[in-house]
Amino acid sequence: MAVYALAFIAFSIDLARRSAAVGSTEAAVGATNEAPASVAGAKASGGGSVSTLNRISSRMADDAVTPYGRSASLRVGVSLTVLGWALHLVAAVLRGLAADRVPWANMYEFAMTGTLLIVTVFLIVLTRTDLRFLGTFVTGMVVILLGIGALQYYVEVAPLPPALQSVWLVIHVFVASLGTGFFALGFALSFVQLLQSRREERAGTAKSSRLRFLATLPSAFTLENLAYRVNIIGFILWTFTLMAGSVWAERAWGRYWGWDTKEVWTFIIWVIYAGYIHARATRGWRGSRSAWLAIIGFAAVMFNFGIVNVFFKGLHAYSGL
């Protein structure tokens, strides 16, 4: 967790440097505008391509208003995240070896494995698309969830209840955790999309300069499209989670569906994301409305994990608390 905290600091420093870079660019533009018209005209003819420069990362055009070059703090942040992921993986494997089973049978272990998969999804996506600007959010969320898991959910290694002694524990919970990783990334993208959309609406006003680093990030349109793709992958995995859970329920309790609290909330999450995908694809729900649906969906996922698992009683009460 300490390594993730250091990565969070490095990513935060990068955001501060982005803000400083935007401020320097705005100052340079202001100085240029104050120059004589003849000189300004000459510079504009030679520098127009720079002001409209688009950086392209692995599969996505970065259409940021202000281009942002290489950053040592970004490289440090990613390196620390990879190191933290490796240590995190070792800890999960050791927990599984100590328990002689997969390490996701109670709330503490699910928090450990779930956050590990969130970081895994983030690092995998980084190999295709430059989303390092989300590093502050991802590492910050992982630190918070791991801290809550260690302080509130920690339990000693214990044998599995009879209902969990099934291969479906491996399949069902792992796929659900992986889907949560994609939903978390989609949530981060949708949140930044809302901030970026507001900045674009207020462009040219005094309020638009509050979060200057947003000018170095992709446009709200690009962020929305990427969030949609990520959430679709999460939705596919969550659909399999729902189906696998039904099969497991039939084998454990003799019925596919019983309106247990956990089952109901899993279905509610599925409905929210199905509505998000359907509304955006067929009803033209773009922009802020689609972003809010994605955020509500992830809030339901967190409610399912942190509230339903702990405070609601039912056949799925395996928190270990």
# chains A, B, ... in the order shown; residues from 1 in each chain; ligands from 1

call {"tool": "closest_atom_pairs", "arguments": {"of": "region 106-195 of chain A", "to": "region 12-22 of chain A", "cutoff": "10 Å", "atoms": "only C-alpha atoms", "output": "JSON lines"}}
result
{"residue": "A:Arg132", "atom": "CA", "partner": "A:Asp14", "partner_atom": "CA", "distance": 9.7}
{"residue": "A:Phe133", "atom": "CA", "partner": "A:Leu15", "partner_atom": "CA", "distance": 7.6}
{"residue": "A:Leu134", "atom": "CA", "partner": "A:Leu15", "partner_atom": "CA", "distance": 9.8}
{"residue": "A:Gly135", "atom": "CA", "partner": "A:Ser12", "partner_atom": "CA", "distance": 8.3}
{"residue": "A:Thr136", "atom": "CA", "partner": "A:Ser12", "partner_atom": "CA", "distance": 5.9}
{"residue": "A:Phe137", "atom": "CA", "partner": "A:Ser12", "partner_atom": "CA", "distance": 9.3}
{"residue": "A:Gly140", "atom": "CA", "partner": "A:Ser12", "partner_atom": "CA", "distance": 9.8}

call {"tool": "write_last_selection", "arguments": {"atoms": "N, CA, C and O atoms", "output": "PDB file, in the first residue's frame"}}
result
ATOM      1  N   ARG A 132      -2.308   7.531 -18.521  1.00  0.00           N
ATOM      2  CA  ARG A 132      -1.535   7.762 -17.303  1.00  0.00           C
ATOM      3  C   ARG A 132      -2.081   8.919 -16.480  1.00  0.00           C
ATOM      4  O   ARG A 132      -1.841   8.987 -15.271  1.00  0.00           O
ATOM      5  N   PHE A 133      -2.838   9.809 -17.112  1.00  0.00           N
ATOM      6  CA  PHE A 133      -3.420  10.927 -16.369  1.00  0.00           C
ATOM      7  C   PHE A 133      -4.463  10.446 -15.365  1.00  0.00           C
ATOM      8  O   PHE A 133      -4.871  11.199 -14.474  1.00  0.00           O
ATOM      9  N   LEU A 134      -4.905   9.186 -15.487  1.00  0.00           N
ATOM     10  CA  LEU A 134      -5.824   8.614 -14.507  1.00  0.00           C
ATOM     11  C   LEU A 134      -5.100   7.969 -13.328  1.00  0.00           C
ATOM     12  O   LEU A 134      -5.735   7.417 -12.435  1.00  0.00           O
ATOM     13  N   GLY A 135      -3.770   8.019 -13.351  1.00  0.00           N
ATOM     14  CA  GLY A 135      -2.999   7.364 -12.309  1.00  0.00           C
ATOM     15  C   GLY A 135      -3.338   7.855 -10.920  1.00  0.00           C
ATOM     16  O   GLY A 135      -3.388   7.062  -9.961  1.00  0.00           O
ATOM     17  N   THR A 136      -3.565   9.157 -10.763  1.00  0.00           N
ATOM     18  CA  THR A 136      -3.910   9.703  -9.444  1.00  0.00           C
ATOM     19  C   THR A 136      -5.197   9.081  -8.931  1.00  0.00           C
ATOM     20  O   THR A 136      -5.294   8.684  -7.760  1.00  0.00           O
ATOM     21  N   PHE A 137      -6.190   8.971  -9.812  1.00  0.00           N
ATOM     22  CA  PHE A 137      -7.472   8.405  -9.399  1.00  0.00           C
ATOM     23  C   PHE A 137      -7.343   6.925  -9.070  1.00  0.00           C
ATOM     24  O   PHE A 137      -7.822   6.467  -8.025  1.00  0.00           O
ATOM     25  N   GLY A 140      -5.095   6.311  -5.987  1.00  0.00           N
ATOM     26  CA  GLY A 140      -5.770   6.848  -4.809  1.00  0.00           C
ATOM     27  C   GLY A 140      -6.920   5.952  -4.363  1.00  0.00           C
ATOM     28  O   GLY A 140      -7.083   5.686  -3.162  1.00  0.00           O
TER      29      GLY A 140
END

call {"tool": "closest_atom_pairs", "arguments": {"of": "region 83-191 of chain A", "to": "region 238-245 of chain A", "cutoff": "7 Å", "atoms": "only C-alpha atoms", "output": "Markdown table"}}
result
| residue | atom | partner | partner_atom | distance |
| --- | --- | --- | --- | --- |
| A:His172 | CA | A:Thr241 | CA | 5.5 |
| A:Val175 | CA | A:Thr241 | CA | 6.1 |
| A:Ala176 | CA | A:Thr241 | CA | 5.5 |
| A:Gly179 | CA | A:Trp238 | CA | 5.7 |

call {"tool": "residues_around", "arguments": {"residues": "Ala274 (chain A)", "least_positions_apart": "5", "cutoff": "12 Å", "atoms": "only C-alpha atoms", "output": "list in words"}}
result
Tyr228, Asn231, Ile232, Ile233, Gly234, Phe235, Ile236, Trp238, Thr239, Phe267, Ile268, Ile269, Ala279, Arg280, Ala281, Thr282, Ser290, Leu293, Ala294 and Gly297 of chain A

call {"tool": "atom_distance", "arguments": {"atom1": "CA of Gly284 (chain A)", "atom2": "CA of Leu217 (chain A)"}}
result
24.4 Å

call {"tool": "residues_around", "arguments": {"residues": "Val125 (chain A)", "least_positions_apart": "6", "cutoff": "10 Å", "atoms": "only C-alpha atoms", "output": "PyMOL selection string"}}
result
chain A and resi 58+119+131-132+182+185+230

call {"tool": "closest_atom_pairs", "arguments": {"of": "region 113-185 of chain A", "to": "region 249-254 of chain A", "cutoff": "12 Å", "atoms": "only C-alpha atoms", "output": "tab-separated table"}}
result
residue	atom	partner	partner_atom	distance
A:Pro161	CA	A:Ala252	CA	11.2
A:Pro162	CA	A:Ala252	CA	8.7
A:Ala163	CA	A:Ala252	CA	5.7
A:Leu164	CA	A:Ala252	CA	8.3
A:Gln165	CA	A:Ala252	CA	9.4
A:Ser166	CA	A:Ala252	CA	8.7
A:Val167	CA	A:Arg251	CA	11.0
A:Trp168	CA	A:Ala249	CA	9.6
A:Leu169	CA	A:Ala249	CA	11.0
A:His172	CA	A:Ala249	CA	10.9

call {"tool": "select_by_dssp", "arguments": {"residues": "region 119-307 of chain A", "states": "alpha helix (DSSP H)", "output": "PyMOL selection string"}}
result
chain A and resi 119-126+135-152+167-201+220-253+261-282+288-303

call {"tool": "write_last_selection", "arguments": {"atoms": "C-alpha atoms", "output": "CSV table (one decimal), in the first residue's frame"}}
result
chain,number,residue,atom,x,y,z
A,119,VAL,CA,-4.6,-2.0,-11.1
A,120,THR,CA,-4.1,-4.9,-13.6
A,121,VAL,CA,-6.8,-3.6,-15.9
A,122,PHE,CA,-5.3,-0.1,-15.7
A,123,LEU,CA,-1.8,-1.4,-16.6
A,124,ILE,CA,-3.1,-3.5,-19.4
A,125,VAL,CA,-5.0,-0.6,-20.9
A,126,LEU,CA,-1.9,1.6,-20.6
A,135,GLY,CA,-3.0,7.4,-12.3
A,136,THR,CA,-3.9,9.7,-9.4
A,137,PHE,CA,-7.5,8.4,-9.4
A,138,VAL,CA,-6.6,4.7,-9.8
A,139,THR,CA,-3.8,4.6,-7.2
A,140,GLY,CA,-5.8,6.8,-4.8
A,141,MET,CA,-8.8,4.6,-5.0
A,142,VAL,CA,-6.7,1.5,-4.5
A,143,VAL,CA,-5.0,3.0,-1.4
A,144,ILE,CA,-8.4,3.9,0.1
A,145,LEU,CA,-9.9,0.5,-0.6
A,146,LEU,CA,-6.9,-1.4,0.7
A,147,GLY,CA,-6.8,0.8,3.8
A,148,ILE,CA,-10.5,0.1,4.5
A,149,GLY,CA,-9.9,-3.6,3.8
A,150,ALA,CA,-7.0,-3.8,6.2
A,151,LEU,CA,-8.6,-1.8,9.0
A,152,GLN,CA,-12.2,-2.9,8.8
A,167,VAL,CA,-15.1,-24.5,-8.7
A,168,TRP,CA,-17.6,-21.8,-9.3
A,169,LEU,CA,-16.0,-19.8,-6.5
A,170,VAL,CA,-12.9,-19.5,-8.8
A,171,ILE,CA,-14.9,-18.6,-11.9
A,172,HIS,CA,-17.8,-16.5,-10.5
A,173,VAL,CA,-15.9,-14.2,-8.1
A,174,PHE,CA,-12.9,-13.8,-10.3
A,175,VAL,CA,-15.0,-12.6,-13.3
A,176,ALA,CA,-17.0,-10.3,-11.1
A,177,SER,CA,-13.8,-8.8,-9.7
A,178,LEU,CA,-12.4,-8.4,-13.3
A,179,GLY,CA,-15.6,-6.7,-14.4
A,180,THR,CA,-15.4,-4.4,-11.4
A,181,GLY,CA,-11.9,-3.4,-12.6
A,182,PHE,CA,-13.3,-2.3,-16.0
A,183,PHE,CA,-16.2,-0.5,-14.3
A,184,ALA,CA,-13.7,1.4,-12.1
A,185,LEU,CA,-11.7,2.6,-15.1
A,186,GLY,CA,-14.9,3.5,-16.9
A,187,PHE,CA,-16.0,5.5,-13.8
A,188,ALA,CA,-12.7,7.3,-13.7
A,189,LEU,CA,-13.0,8.3,-17.4
A,190,SER,CA,-16.6,9.4,-17.0
A,191,PHE,CA,-15.7,11.5,-14.0
A,192,VAL,CA,-12.9,13.2,-15.9
A,193,GLN,CA,-15.3,13.6,-18.8
A,194,LEU,CA,-17.7,15.6,-16.7
A,195,LEU,CA,-14.9,17.9,-15.5
A,196,GLN,CA,-13.6,18.3,-19.1
A,197,SER,CA,-17.1,19.0,-20.4
A,198,ARG,CA,-17.6,21.7,-17.9
A,199,ARG,CA,-14.2,23.2,-18.7
A,200,GLU,CA,-15.1,23.2,-22.4
A,201,GLU,CA,-18.4,24.9,-21.7
A,220,ALA,CA,-14.8,15.2,-23.3
A,221,PHE,CA,-15.9,13.5,-26.6
A,222,THR,CA,-12.8,11.3,-26.7
A,223,LEU,CA,-13.1,10.4,-23.0
A,224,GLU,CA,-16.7,9.5,-23.4
A,225,ASN,CA,-16.0,7.1,-26.3
A,226,LEU,CA,-13.2,5.4,-24.4
A,227,ALA,CA,-15.4,5.1,-21.2
A,228,TYR,CA,-18.1,3.5,-23.4
A,229,ARG,CA,-15.7,0.9,-24.7
A,230,VAL,CA,-14.3,0.1,-21.3
A,231,ASN,CA,-17.8,-0.2,-19.8
A,232,ILE,CA,-18.9,-2.5,-22.5
A,233,ILE,CA,-16.2,-5.0,-21.6
A,234,GLY,CA,-17.2,-4.7,-17.9
A,235,PHE,CA,-20.8,-5.3,-18.8
A,236,ILE,CA,-20.0,-8.5,-20.8
A,237,LEU,CA,-18.0,-9.8,-17.8
A,238,TRP,CA,-20.8,-8.8,-15.4
A,239,THR,CA,-23.4,-10.6,-17.6
A,240,PHE,CA,-21.3,-13.7,-17.3
A,241,THR,CA,-21.1,-13.1,-13.5
A,242,LEU,CA,-24.9,-13.1,-13.3
A,243,MET,CA,-25.2,-16.3,-15.4
A,244,ALA,CA,-22.4,-18.1,-13.5
A,245,GLY,CA,-23.9,-17.1,-10.2
A,246,SER,CA,-27.3,-18.6,-11.2
A,247,VAL,CA,-25.6,-21.9,-12.2
A,248,TRP,CA,-23.7,-21.9,-8.9
A,249,ALA,CA,-26.9,-21.1,-6.9
A,250,GLU,CA,-28.7,-24.1,-8.5
A,251,ARG,CA,-25.9,-26.5,-7.5
A,252,ALA,CA,-25.5,-25.1,-4.0
A,253,TRP,CA,-29.2,-24.4,-3.0
A,261,THR,CA,-30.3,-9.4,-1.5
A,262,LYS,CA,-27.0,-10.0,-3.2
A,263,GLU,CA,-28.7,-11.5,-6.3
A,264,VAL,CA,-31.0,-8.5,-6.5
A,265,TRP,CA,-28.2,-6.0,-6.3
A,266,THR,CA,-26.1,-7.9,-8.9
A,267,PHE,CA,-29.1,-7.7,-11.2
A,268,ILE,CA,-29.7,-4.0,-10.5
A,269,ILE,CA,-26.1,-3.3,-11.5
A,270,TRP,CA,-26.6,-5.2,-14.7
A,271,VAL,CA,-29.8,-3.3,-15.5
A,272,ILE,CA,-28.0,0.1,-14.9
A,273,TYR,CA,-25.2,-0.7,-17.3
A,274,ALA,CA,-27.6,-2.3,-19.8
A,275,GLY,CA,-29.6,0.9,-19.7
A,276,TYR,CA,-26.4,3.0,-20.1
A,277,ILE,CA,-25.3,1.0,-23.2
A,278,HIS,CA,-28.8,1.0,-24.7
A,279,ALA,CA,-29.5,4.7,-24.0
A,280,ARG,CA,-26.2,5.8,-25.5
A,281,ALA,CA,-26.4,3.5,-28.5
A,282,THR,CA,-30.1,3.9,-29.5
A,288,SER,CA,-23.1,14.4,-19.4
A,289,ARG,CA,-26.1,12.1,-19.3
A,290,SER,CA,-24.2,9.0,-20.3
A,291,ALA,CA,-21.4,9.9,-17.9
A,292,TRP,CA,-23.8,10.2,-15.0
A,293,LEU,CA,-25.3,6.8,-15.8
A,294,ALA,CA,-21.8,5.2,-15.7
A,295,ILE,CA,-21.1,6.9,-12.4
A,296,ILE,CA,-24.4,5.7,-10.9
A,297,GLY,CA,-23.5,2.2,-12.1
A,298,PHE,CA,-20.2,2.2,-10.4
A,299,ALA,CA,-21.8,3.7,-7.2
A,300,ALA,CA,-24.1,0.7,-7.3
A,301,VAL,CA,-21.1,-1.7,-7.5
A,302,MET,CA,-19.5,0.0,-4.5
A,303,PHE,CA,-22.8,-0.2,-2.6

call {"tool": "select_by_dssp", "arguments": {"residues": "region 51-216 of chain A", "states": "strand (DSSP E)", "output": "PDB file with C-alpha atoms, in the first residue's frame"}}
result
ATOM      1  CA  ARG A  55      -0.493  13.889 -29.731  1.00  0.00           C
ATOM      2  CA  ILE A  56      -1.304  10.330 -30.620  1.00  0.00           C
ATOM      3  CA  SER A  57      -0.962   7.543 -28.108  1.00  0.00           C
ATOM      4  CA  MET A  60      -6.269   7.000 -29.394  1.00  0.00           C
ATOM      5  CA  ALA A  61      -5.690  10.503 -30.670  1.00  0.00           C
ATOM      6  CA  ASP A  62      -5.048  12.857 -27.799  1.00  0.00           C
TER       7      ASP A  62
END

call {"tool": "decode", "arguments": {"residues": "region 98-114 of chain A", "atoms": "N, CA and C atoms", "output": "JSON list (two decimals), in the first residue's frame"}}
result
[["chain", "number", "residue", "atom", "x", "y", "z"],
["A", 98, "ALA", "N", -1.55, -19.70, 2.02],
["A", 98, "ALA", "CA", -1.80, -19.88, 3.44],
["A", 98, "ALA", "C", -3.18, -20.49, 3.69],
["A", 99, "ALA", "N", -4.14, -20.11, 2.84],
["A", 99, "ALA", "CA", -5.50, -20.63, 3.01],
["A", 99, "ALA", "C", -5.73, -21.92, 2.24],
["A", 100, "ASP", "N", -4.79, -22.27, 1.36],
["A", 100, "ASP", "CA", -4.90, -23.46, 0.52],
["A", 100, "ASP", "C", -6.16, -23.39, -0.36],
["A", 101, "ARG", "N", -6.41, -22.20, -0.90],
["A", 101, "ARG", "CA", -7.54, -21.97, -1.80],
["A", 101, "ARG", "C", -7.33, -20.63, -2.48],
["A", 102, "VAL", "N", -8.27, -20.24, -3.33],
["A", 102, "VAL", "CA", -8.18, -18.94, -3.98],
["A", 102, "VAL", "C", -8.41, -17.83, -2.96],
["A", 103, "PRO", "N", -7.70, -16.70, -3.08],
["A", 103, "PRO", "CA", -7.78, -15.66, -2.05],
["A", 103, "PRO", "C", -8.91, -14.66, -2.28],
["A", 104, "TRP", "N", -10.14, -15.15, -2.37],
["A", 104, "TRP", "CA", -11.27, -14.23, -2.47],
["A", 104, "TRP", "C", -12.53, -14.86, -1.90],
["A", 105, "ALA", "N", -12.44, -15.30, -0.64],
["A", 105, "ALA", "CA", -13.57, -15.97, 0.00],
["A", 105, "ALA", "C", -14.23, -15.12, 1.09],
["A", 106, "ASN", "N", -13.69, -13.94, 1.40],
["A", 106, "ASN", "CA", -14.31, -13.04, 2.38],
["A", 106, "ASN", "C", -14.03, -11.60, 1.98],
["A", 107, "MET", "N", -14.53, -10.66, 2.76],
["A", 107, "MET", "CA", -14.43, -9.25, 2.38],
["A", 107, "MET", "C", -12.99, -8.78, 2.28],
["A", 108, "TYR", "N", -12.15, -9.18, 3.22],
["A", 108, "TYR", "CA", -10.75, -8.76, 3.18],
["A", 108, "TYR", "C", -10.06, -9.28, 1.92],
["A", 109, "GLU", "N", -10.26, -10.55, 1.62],
["A", 109, "GLU", "CA", -9.61, -11.14, 0.46],
["A", 109, "GLU", "C", -10.20, -10.59, -0.84],
["A", 110, "PHE", "N", -11.50, -10.32, -0.84],
["A", 110, "PHE", "CA", -12.09, -9.74, -2.04],
["A", 110, "PHE", "C", -11.57, -8.32, -2.28],
["A", 111, "ALA", "N", -11.38, -7.56, -1.19],
["A", 111, "ALA", "CA", -10.81, -6.22, -1.33],
["A", 111, "ALA", "C", -9.39, -6.30, -1.89],
["A", 112, "MET", "N", -8.63, -7.28, -1.40],
["A", 112, "MET", "CA", -7.26, -7.46, -1.88],
["A", 112, "MET", "C", -7.23, -7.85, -3.36],
["A", 113, "THR", "N", -8.03, -8.82, -3.72],
["A", 113, "THR", "CA", -8.03, -9.29, -5.11],
["A", 113, "THR", "C", -8.69, -8.28, -6.04],
["A", 114, "GLY", "N", -9.78, -7.66, -5.58],
["A", 114, "GLY", "CA", -10.46, -6.68, -6.42],
["A", 114, "GLY", "C", -9.58, -5.50, -6.77]]
